[in-house]
Amino acid sequence: MRRETSLFSRLVVRVALVLCGGATLLAVAAWYYARAAADDAYDRLLLGAAIQITANMTVDNGSLAVALPTSAFELLGLAERDRIFYRVIGPDMRTLTGYEDLQTDLDLTSARAAPVFLSARYRDVPVRIVVAARALSDPSFSGWSYVVLAQTTEARRALAGELTSRAMILVGIMSLLALAGTVLAIRYSLLPVSALGAALRARDPQDLTPVNVDVPRELRPFTASINHFMGRLDERVTLLQRFIADAAHQIRTPLTALSAQVDMLDEDEMDEIGRRHLGRVRKRVGQLARLTNQLLSHAMVIHRSDSVRFKPVDLTDVARKAFRAAIPVTVDPDIVISFEAAPQPIVVLGDAVSLREAIANIIDNSLRHGTVSHLAVRVLGSNGRARVEVEDDGPGIPPSEWSNVTARFVTSKTGEGSMGLGFAIAAEVASAHQGAIGFQKRGERGFTVVLDLPEYVEGAR
Amino acid sequence: MTYRKLAALTGAIVLSGVTSAMAVEGVRAFFPAVDQERGRLVIHGATDIEAMEPLVRDFQVLATDVAVDYTDYVTNDLYRDADAACRNGRAFGDILLSSSVDQLVKLANDGCAVAHSSAETLEVPDWANWREEVYGFTFEPSVMVYHKDFVPPEDVPHSHGELTDLLRFKPDYYRGRIGTYDLRQSGIGYLLAFLDAQQASTTYGRLLESLSRVQAVLRCCNNAVLSEIDSGNVYIGYNILGSYAYAAARRNTKLRIVLPRDYTLILSRGVLIPKGVKRPDLAGRFLDYLLSERGQEVARRKAFFFSRTGPLPDNVDGPPKLIESGIGRPIRIGPALLAAQDQLQRSTFIDDWIRLLRGSAPGDAP
């Protein structure tokens with residue numbers, strides 16, 4: 001499976017990378033500065049000690065003498081763990097005392113102007129060296145003498161390390177805060193995206209009107225594209241519906257003529273085979289007429305759901321009209337047909353014409369495909385719901401097909417005896433009224449189709 | 001086997017010799033392991049075998065499989081040999097003990113030491129530890145010793161100043177009767193004199209002048225001075241380490257010890273594990289033992305008698321609380337001692353000292 005990309009993780013990872021890079025840079029800088037600071041601090045001690053030693057140089061009987069002051073070593077001893085190496089050089093460049101092998105590449109005379117610091121290695125350990133010079137001008141003795149003073153760098157490194165680690169703790173805390181802030185900011189910024197998603201998800205599939213959700217400026221192109229696309233889709237759907245309605249309307253006229261022509265055929269002049277064929281032609285023409293009517297009815301229902309304002313209507317009244325319209329006069333007299341109205345008026349908010357069409361289609365379907373000897377239409381109201389139940393004693397639709405039959409042009413059976421658009425129209429109307437089509441099966445014989453709508457309560461809207 | 005026998009024999013001879021003649025330094029002793037020997041610790045010390053023996057024996061109670069080979073040196077010889085061994089990359093024993101801590105500090109500064117740290121070393125005060133390489137394991141005030149029979153009570157000096165005055169007022173009585181180290185031979189003598197000069201240069205100058213006037217007797221080492229007092233040739237010994245003095249006073253009750261009340265230098269004998277150590281484990285173990293409570297207790301009772309925390313030993317005249325009173329000045333083991341170790345400094349100081357002490361003829365004194 002491909003890894004799902006996430007804006008959140010992308011942003012967080014990139015910000016974290018930037019922060020890591022920044023922290024590393026800061027660490028290097030902190031280390032550099034800490035080293036410089038530590039060197040500076042301990043260089044002063046080193047220089048102080050060197051100056052004390054040069055100050056203790058005296059000319060005694062025409063020769064140079066130096067008494068190493070304990071205080072100079074105590075000063076250097078402030079860097080508790082560091083070792084000290086020194087060398088005192090007389091004007092003849094001879095080592096007066098100290099470590100004779102303490103050499104520097106430095107030209108000692110360069111220390112005459114000012115003490116010189118350098119870093120080097122001595123006896124396999126890194127040392128910091130200062131070279132200080134002193135001019136001796138005694139009548140008996142004159143010239144420059146030098147002090148080379150070296151100290152190991154343990155205290156410097158320890159101080160630099162401590163400063164760096166403290167700085168690093170601060171940098172670490174800042175980075176974590178920045179990352180936490182970023183996480184929060186990203187979560188907050190991405191909220192409108194999920195809000196937009198939720199708004200789109202909550203939309204009715206039929207609803208192709210522009211999305212109207214408050215989104216930040218950056219998301220506007222996205223919503224604009226969605227709206228643009230929906231607008232085009234809406235146009236296409238409308239065009240398609242109009243085309244279907246037009247086509248159905250165009251077909252109806254020749255179909256009526258065809259039906260009339262078929263009726264005019266004289267059956268008596270035909271033989272048995274001809275009559276059977278004529279019967280089939282008549283039946284097929286009837287089906288075609290019905291389908292055409294349903295298409296027109298569907299187009300009308302859709303049109304009305306877009307354009308007609310809903311009003312409170314009495315469902316019993318509507319159901320009765322539908323009942324009358326759907327039961328043809330030519331119905332088999334052996335079938336027991338009943339209509340049971342609710343004792344109280346049941347009001348729903350809706351379009352009476354669409355609702356009548358929906359109920360009529362359900363009754364028609366039941367009559368054509370279900371009813372064997374019994375058909376009952378009931379109008380009920382309870383718990384804020386209004387229900388129209390159409391019950392017959394047919395085999396009904398198997399539960400596995402229930403979800404399919406309400407979709408357009410899908411029927412439980414293919415070919416002959418198709419249920420056509422009946423349930424599709426009913427379902428369309430039900431959803432336009434915030435309701436639904438439901439099915440109930442009662443034993444071997446007994447199938448009920450339920451149109452379930454919210455009851456209208458005065459002042460609730 | 002032959003070596004062991006020989007060494008054991010040498011040890012026995014040397015030990016019996018030590019007890020009779022105290023002045024012996026530069027000898028070797030072998031302490032065979034209590035059980036089967038599984039390791040041998042080589043100690044080079046500038047500390048009397050007699051002082052170290054109780055500690056070594058007690059250590060061997062804890063480490064029964066360790067034999068100890070102890071060689072006693074004069075401080076300057078120990079430093080010279082250790083320094084040469086370090087320069088040439090040779091091994092020189094497993095552990096070095098020296099009263100002349102400045103020399104050990106110099107060795108550590110020159111990179112001739114191995115650091116050792118453990119739970120025991122954490123207890124050591126800062127002034128007795130440098131770089132975890134040099135530790136001070138004893139507490140030895142530098143004292144004055146006098147012979148009761150020859151120094152009347154009113155003459156007993158209680159400070160450097162009193163000693164100076166005494167020698168000034170009674171030069172004839174004390175002429176040739178004051179003993180101290182010969183700085184040319186004794187490292188510890190030099191260190192104490194150098195620090196004396198640092199502590200109070202005027203007082204010390206006057207003291208030197210007085211010592212010179214009475215023609216002070218110079219000896220190589222503590223025990224040499226002490227045996228002179230013991231025999232009554234010398235009446236007062238100056239700058240004697242308290243441990244040696246107390247050991248001598250226990251043998252001869254006529255010897256009395258005074259801790260100077262103006263200031264008392266306190267030496268902490270140093271111990272160091274040299275680079276090239278063959279048995280660092282044993283060396284570390286012995287070092288830990290020396291610093292441990294048990295080792296310190298044995299040192300206080302049997303070897304060095306003074307301790308950092310405990311009271312002064314009996315019959316010692318001095319301030320009861322040395323450190324708290326501010327009179328005791330512990331010699332800080334640290335780089336400041338390098339100033340004392342500078343060869344030019346050292347030679348100049350010793351030259352001046354000898355000149356001062358020997359320069360003026362007896363007749364010149366008033």
# chains A, B, ... in the order shown; residues from 1 in each chain; ligands from 1

$ closest_atom_pairs --of "chain A" --to "chain B" --cutoff "8 Å" --atoms "only C-alpha atoms" --output "Markdown table"
| residue | atom | partner | partner_atom | distance |
| --- | --- | --- | --- | --- |
| A:Val66 | CA | B:Gln345 | CA | 7.6 |
| A:Ala67 | CA | B:Gln345 | CA | 5.8 |
| A:Leu68 | CA | B:Ala339 | CA | 5.8 |
| A:Pro69 | CA | B:Ala339 | CA | 6.6 |
| A:Thr70 | CA | B:Ala339 | CA | 5.3 |
| A:Ser71 | CA | B:Ala336 | CA | 7.3 |
| A:Ala72 | CA | B:Ala336 | CA | 7.8 |
| A:Phe73 | CA | B:Ala336 | CA | 4.6 |
| A:Glu74 | CA | B:Ala336 | CA | 4.8 |
| A:Leu76 | CA | B:Pro335 | CA | 7.5 |
| A:Gly77 | CA | B:Pro335 | CA | 5.5 |
| A:Glu80 | CA | B:Arg131 | CA | 7.6 |
| A:Arg81 | CA | B:Arg131 | CA | 5.1 |
| A:Asp82 | CA | B:Arg131 | CA | 7.9 |
| A:Arg83 | CA | B:Asn109 | CA | 5.1 |
| A:Ile84 | CA | B:Asn109 | CA | 6.6 |
| A:Phe85 | CA | B:Asn109 | CA | 8.0 |
| A:Leu96 | CA | B:Leu344 | CA | 7.5 |
| A:Thr97 | CA | B:Leu344 | CA | 5.7 |
| A:Gly98 | CA | B:Asp342 | CA | 6.6 |
| A:Arg123 | CA | B:Gly111 | CA | 7.9 |

$ write_last_selection --atoms "N, CA and C atoms" --output "PDB file, in the first residue's frame"
ATOM      1  N   VAL A  66      66.000  35.167  38.633  1.00  0.00           N
ATOM      2  CA  VAL A  66      64.540  35.205  38.700  1.00  0.00           C
ATOM      3  C   VAL A  66      64.094  34.302  39.838  1.00  0.00           C
ATOM      4  N   ALA A  67      63.287  34.870  40.713  1.00  0.00           N
ATOM      5  CA  ALA A  67      62.697  34.073  41.789  1.00  0.00           C
ATOM      6  C   ALA A  67      61.251  33.840  41.390  1.00  0.00           C
ATOM      7  N   LEU A  68      60.966  32.585  41.093  1.00  0.00           N
ATOM      8  CA  LEU A  68      59.599  32.316  40.633  1.00  0.00           C
ATOM      9  C   LEU A  68      58.634  32.562  41.778  1.00  0.00           C
ATOM     10  N   PRO A  69      57.698  33.472  41.610  1.00  0.00           N
ATOM     11  CA  PRO A  69      56.774  33.756  42.705  1.00  0.00           C
ATOM     12  C   PRO A  69      55.751  32.636  42.847  1.00  0.00           C
ATOM     13  N   THR A  70      55.558  32.195  44.074  1.00  0.00           N
ATOM     14  CA  THR A  70      54.542  31.167  44.336  1.00  0.00           C
ATOM     15  C   THR A  70      53.170  31.642  43.880  1.00  0.00           C
ATOM     16  N   SER A  71      52.962  32.949  44.038  1.00  0.00           N
ATOM     17  CA  SER A  71      51.634  33.476  43.690  1.00  0.00           C
ATOM     18  C   SER A  71      51.308  33.275  42.216  1.00  0.00           C
ATOM     19  N   ALA A  72      52.342  33.311  41.353  1.00  0.00           N
ATOM     20  CA  ALA A  72      52.091  33.070  39.924  1.00  0.00           C
ATOM     21  C   ALA A  72      51.554  31.667  39.716  1.00  0.00           C
ATOM     22  N   PHE A  73      52.147  30.731  40.454  1.00  0.00           N
ATOM     23  CA  PHE A  73      51.684  29.355  40.299  1.00  0.00           C
ATOM     24  C   PHE A  73      50.330  29.152  40.961  1.00  0.00           C
ATOM     25  N   GLU A  74      50.100  29.884  42.042  1.00  0.00           N
ATOM     26  CA  GLU A  74      48.780  29.807  42.675  1.00  0.00           C
ATOM     27  C   GLU A  74      47.712  30.336  41.732  1.00  0.00           C
ATOM     28  N   LEU A  76      47.842  30.277  38.445  1.00  0.00           N
ATOM     29  CA  LEU A  76      47.598  29.245  37.435  1.00  0.00           C
ATOM     30  C   LEU A  76      46.863  28.061  38.045  1.00  0.00           C
ATOM     31  N   GLY A  77      47.098  27.861  39.356  1.00  0.00           N
ATOM     32  CA  GLY A  77      46.443  26.748  40.038  1.00  0.00           C
ATOM     33  C   GLY A  77      44.941  26.943  40.170  1.00  0.00           C
ATOM     34  N   GLU A  80      42.310  24.181  38.355  1.00  0.00           N
ATOM     35  CA  GLU A  80      42.791  23.216  39.322  1.00  0.00           C
ATOM     36  C   GLU A  80      43.530  22.019  38.750  1.00  0.00           C
ATOM     37  N   ARG A  81      43.046  21.526  37.620  1.00  0.00           N
ATOM     38  CA  ARG A  81      43.611  20.269  37.148  1.00  0.00           C
ATOM     39  C   ARG A  81      44.726  20.467  36.129  1.00  0.00           C
ATOM     40  N   ASP A  82      45.031  21.697  35.801  1.00  0.00           N
ATOM     41  CA  ASP A  82      45.946  21.892  34.683  1.00  0.00           C
ATOM     42  C   ASP A  82      47.410  21.871  35.095  1.00  0.00           C
ATOM     43  N   ARG A  83      48.180  21.273  34.215  1.00  0.00           N
ATOM     44  CA  ARG A  83      49.613  21.199  34.439  1.00  0.00           C
ATOM     45  C   ARG A  83      50.262  22.450  33.876  1.00  0.00           C
ATOM     46  N   ILE A  84      51.410  22.783  34.445  1.00  0.00           N
ATOM     47  CA  ILE A  84      52.053  24.043  34.095  1.00  0.00           C
ATOM     48  C   ILE A  84      53.481  23.773  33.640  1.00  0.00           C
ATOM     49  N   PHE A  85      53.855  24.363  32.532  1.00  0.00           N
ATOM     50  CA  PHE A  85      55.239  24.268  32.072  1.00  0.00           C
ATOM     51  C   PHE A  85      55.742  25.675  31.822  1.00  0.00           C
ATOM     52  N   LEU A  96      67.272  29.871  31.420  1.00  0.00           N
ATOM     53  CA  LEU A  96      67.718  30.157  32.769  1.00  0.00           C
ATOM     54  C   LEU A  96      67.200  29.093  33.728  1.00  0.00           C
ATOM     55  N   THR A  97      65.943  28.789  33.588  1.00  0.00           N
ATOM     56  CA  THR A  97      65.326  27.744  34.415  1.00  0.00           C
ATOM     57  C   THR A  97      64.067  27.267  33.725  1.00  0.00           C
ATOM     58  N   GLY A  98      63.548  26.147  34.180  1.00  0.00           N
ATOM     59  CA  GLY A  98      62.317  25.627  33.629  1.00  0.00           C
ATOM     60  C   GLY A  98      62.547  24.483  32.676  1.00  0.00           C
ATOM     61  N   ARG A 123      54.670  17.717  25.168  1.00  0.00           N
ATOM     62  CA  ARG A 123      54.651  16.415  25.851  1.00  0.00           C
ATOM     63  C   ARG A 123      53.343  15.688  25.566  1.00  0.00           C
TER      64      ARG A 123
END

$ residues_around --residues "Phe59 in chain B" --least-positions-apart "4" --cutoff "10 Å" --atoms "only C-alpha atoms" --output "PyMOL selection string"
chain B and resi 53-55+63-64+66+68+285-286+289-290+294-295+298

$ write_last_selection --atoms "C-alpha atoms" --output "short mmCIF file (atom, residue, chain, number, x, y, z; two decimals), in the first residue's frame"
data_model
loop_
_atom_site.label_atom_id
_atom_site.label_comp_id
_atom_site.auth_asym_id
_atom_site.auth_seq_id
_atom_site.Cartn_x
_atom_site.Cartn_y
_atom_site.Cartn_z
CA GLU B 53 55.09 -1.53 58.32
CA PRO B 54 51.83 -1.48 60.32
CA LEU B 55 50.01 -0.17 57.27
CA ALA B 63 44.82 -8.68 50.64
CA THR B 64 46.22 -11.98 51.83
CA VAL B 66 49.68 -9.87 47.90
CA VAL B 68 54.80 -6.22 49.24
CA ARG B 285 44.01 -1.07 46.02
CA PHE B 286 46.85 0.00 48.29
CA TYR B 289 43.53 1.30 51.61
CA LEU B 290 45.75 4.21 52.70
CA ARG B 294 40.67 1.62 58.33
CA GLY B 295 44.00 2.70 56.85
CA VAL B 298 45.98 2.34 61.61
#

$ residues_around --residues "Phe169 in chain B" --least-positions-apart "5" --cutoff "12 Å" --atoms "only C-alpha atoms" --output "mmCIF file with N, CA and C atoms, in the first residue's frame"
data_model
loop_
_atom_site.group_PDB
_atom_site.id
_atom_site.type_symbol
_atom_site.label_atom_id
_atom_site.label_comp_id
_atom_site.auth_asym_id
_atom_site.auth_seq_id
_atom_site.Cartn_x
_atom_site.Cartn_y
_atom_site.Cartn_z
ATOM 1 N N ASP B 155 62.405 27.989 79.138
ATOM 2 C CA ASP B 155 63.033 28.157 77.831
ATOM 3 C C ASP B 155 62.204 27.578 76.686
ATOM 4 N N GLU B 162 59.487 32.916 69.610
ATOM 5 C CA GLU B 162 60.070 32.568 70.907
ATOM 6 C C GLU B 162 61.385 31.819 70.734
ATOM 7 N N LEU B 163 61.419 30.968 69.698
ATOM 8 C CA LEU B 163 62.658 30.235 69.434
ATOM 9 C C LEU B 163 63.770 31.214 69.053
ATOM 10 N N THR B 164 63.411 32.172 68.179
ATOM 11 C CA THR B 164 64.383 33.177 67.755
ATOM 12 C C THR B 164 64.935 33.931 68.973
ATOM 13 N N TYR B 174 72.997 27.344 73.895
ATOM 14 C CA TYR B 174 72.427 26.524 72.812
ATOM 15 C C TYR B 174 73.348 26.397 71.614
ATOM 16 N N ARG B 175 74.533 26.955 71.712
ATOM 17 C CA ARG B 175 75.437 26.856 70.570
ATOM 18 C C ARG B 175 75.721 25.388 70.264
ATOM 19 N N SER B 210 69.346 33.676 63.858
ATOM 20 C CA SER B 210 69.602 33.106 65.183
ATOM 21 C C SER B 210 70.202 31.712 65.081
ATOM 22 N N ARG B 213 73.676 31.995 64.308
ATOM 23 C CA ARG B 213 74.460 32.470 65.436
ATOM 24 C C ARG B 213 74.837 31.333 66.380
ATOM 25 N N VAL B 214 73.884 30.380 66.558
ATOM 26 C CA VAL B 214 74.166 29.283 67.491
ATOM 27 C C VAL B 214 74.757 28.075 66.781
ATOM 28 N N ALA B 365 79.214 36.767 66.001
ATOM 29 C CA ALA B 365 77.955 36.943 66.758
ATOM 30 C C ALA B 365 78.204 37.836 67.970
ATOM 31 N N PRO B 366 77.233 38.672 68.288
ATOM 32 C CA PRO B 366 77.409 39.575 69.413
ATOM 33 C C PRO B 366 77.331 38.832 70.752
#

$ atom_distance --atom1 "CA of Arg300 in chain B" --atom2 "CA of Leu62 in chain B"
18.3 Å

$ select_by_dssp --residues "range 67-290 of chain A" --states "alpha helix (DSSP H)" --output "VMD selection string"
chain A and resid 70 to 76 154 to 201 220 to 264 272 to 290

$ closest_residue --among "A:Arg14, A:Ser63, A:Val130, A:Gly350" --to "Ser110 in chain A" --atoms "only C-alpha atoms"
A:Val130

$ closest_residue --among "A:Glu428, A:Asp351, A:Asp314, A:Asp138" --to "Val59 in chain A" --atoms "only C-alpha atoms"
A:Asp138

$ atom_distance --atom1 "CA of Val331 in chain A" --atom2 "CA of Asn361 in chain A"
15.9 Å

$ residues_around --residues "Phe423 in chain A" --least-positions-apart "2" --cutoff "7 Å" --atoms "only C-alpha atoms" --output "PyMOL selection string"
chain A and resi 362+405-406+421+425-427

$ write_last_selection --atoms "C-alpha atoms" --output "PDB file, in the first residue's frame"
ATOM      1  CA  ILE A 362     -45.641   2.722  -4.960  1.00  0.00           C
ATOM      2  CA  VAL A 405     -34.428  -0.766  -6.183  1.00  0.00           C
ATOM      3  CA  THR A 406     -34.484   2.831  -5.095  1.00  0.00           C
ATOM      4  CA  LEU A 421     -38.740   4.041 -12.324  1.00  0.00           C
ATOM      5  CA  ILE A 425     -39.286   8.398  -8.198  1.00  0.00           C
ATOM      6  CA  ALA A 426     -40.604   7.575  -4.736  1.00  0.00           C
ATOM      7  CA  ALA A 427     -37.090   7.575  -3.270  1.00  0.00           C
TER       8      ALA A 427
END

$ select_by_dssp --residues "range 85-157 of chain A" --states "strand (DSSP E)" --output "PyMOL selection string"
chain A and resi 85-89+95-98+116-122+125-138+141-152

$ residues_around --residues "Val171 in chain A" --least-positions-apart "5" --cutoff "8 Å" --atoms "only C-alpha atoms" --output "PyMOL selection string"
chain A and resi 23+26-27

$ residues_around --residues "Gly39 in chain B" --least-positions-apart "2" --cutoff "10 Å" --atoms "only C-alpha atoms" --output "PyMOL selection string"
chain B and resi 33+36-37+41-42+63-68+279+281-282

$ write_last_selection --atoms "C-alpha atoms" --output "PDB file, in the first residue's frame"
ATOM      1  CA  ALA B  33      52.017 -12.732  51.178  1.00  0.00           C
ATOM      2  CA  GLN B  36      49.754 -18.151  48.358  1.00  0.00           C
ATOM      3  CA  GLU B  37      51.252 -15.133  46.582  1.00  0.00           C
ATOM      4  CA  LEU B  41      53.189  -4.734  44.930  1.00  0.00           C
ATOM      5  CA  VAL B  42      56.407  -2.766  44.563  1.00  0.00           C
ATOM      6  CA  ALA B  63      44.823  -8.682  50.644  1.00  0.00           C
ATOM      7  CA  THR B  64      46.224 -11.977  51.828  1.00  0.00           C
ATOM      8  CA  ASP B  65      47.597 -12.996  48.452  1.00  0.00           C
ATOM      9  CA  VAL B  66      49.679  -9.867  47.904  1.00  0.00           C
ATOM     10  CA  ALA B  67      53.349  -9.665  48.690  1.00  0.00           C
ATOM     11  CA  VAL B  68      54.803  -6.215  49.236  1.00  0.00           C
ATOM     12  CA  ARG B 279      50.178  -3.701  38.715  1.00  0.00           C
ATOM     13  CA  ASP B 281      45.135  -2.829  40.294  1.00  0.00           C
ATOM     14  CA  LEU B 282      47.304  -3.512  43.346  1.00  0.00           C
TER      15      LEU B 282
END

$ decode --residues "range 191-210 of chain B" --atoms "N, CA and C atoms" --output "tab-separated table (two decimals), in the first residue's frame"
chain	number	residue	atom	x	y	z
B	191	LEU	N	61.47	21.88	51.41
B	191	LEU	CA	60.06	22.29	51.24
B	191	LEU	C	59.59	23.06	52.48
B	192	LEU	N	59.88	22.53	53.67
B	192	LEU	CA	59.42	23.20	54.89
B	192	LEU	C	60.08	24.57	55.03
B	193	ALA	N	61.39	24.65	54.72
B	193	ALA	CA	62.08	25.93	54.83
B	193	ALA	C	61.52	26.93	53.82
B	194	PHE	N	61.31	26.45	52.61
B	194	PHE	CA	60.77	27.32	51.55
B	194	PHE	C	59.40	27.87	51.97
B	195	LEU	N	58.56	26.98	52.52
B	195	LEU	CA	57.22	27.42	52.92
B	195	LEU	C	57.29	28.32	54.15
B	196	ASP	N	58.26	28.05	55.04
B	196	ASP	CA	58.48	28.95	56.17
B	196	ASP	C	58.77	30.36	55.66
B	197	ALA	N	59.64	30.43	54.67
B	197	ALA	CA	60.01	31.73	54.11
B	197	ALA	C	58.80	32.41	53.48
B	198	GLN	N	57.90	31.60	52.87
B	198	GLN	CA	56.69	32.16	52.26
B	198	GLN	C	55.73	32.65	53.33
B	199	GLN	N	55.59	31.84	54.39
B	199	GLN	CA	54.60	32.15	55.43
B	199	GLN	C	54.93	33.47	56.13
B	200	ALA	N	56.17	33.59	56.57
B	200	ALA	CA	56.52	34.77	57.37
B	200	ALA	C	57.99	35.08	57.09
B	201	SER	N	58.23	35.88	56.07
B	201	SER	CA	59.61	36.03	55.62
B	201	SER	C	60.49	36.75	56.66
B	202	THR	N	59.93	37.74	57.36
B	202	THR	CA	60.75	38.48	58.35
B	202	THR	C	61.10	37.59	59.53
B	203	THR	N	60.05	36.96	60.10
B	203	THR	CA	60.27	36.06	61.24
B	203	THR	C	61.29	35.00	60.86
B	204	TYR	N	61.11	34.46	59.66
B	204	TYR	CA	61.98	33.38	59.25
B	204	TYR	C	63.41	33.88	59.05
B	205	GLY	N	63.55	35.08	58.52
B	205	GLY	CA	64.89	35.65	58.34
B	205	GLY	C	65.59	35.80	59.68
B	206	ARG	N	64.83	36.28	60.66
B	206	ARG	CA	65.43	36.45	61.98
B	206	ARG	C	65.76	35.10	62.60
B	207	LEU	N	64.88	34.13	62.39
B	207	LEU	CA	65.12	32.79	62.92
B	207	LEU	C	66.40	32.20	62.32
B	208	LEU	N	66.53	32.37	61.00
B	208	LEU	CA	67.72	31.85	60.32
B	208	LEU	C	68.98	32.49	60.90
B	209	GLU	N	68.86	33.78	61.10
B	209	GLU	CA	70.00	34.53	61.66
B	209	GLU	C	70.38	33.94	63.03
B	210	SER	N	69.35	33.68	63.86
B	210	SER	CA	69.60	33.11	65.18
B	210	SER	C	70.20	31.71	65.08
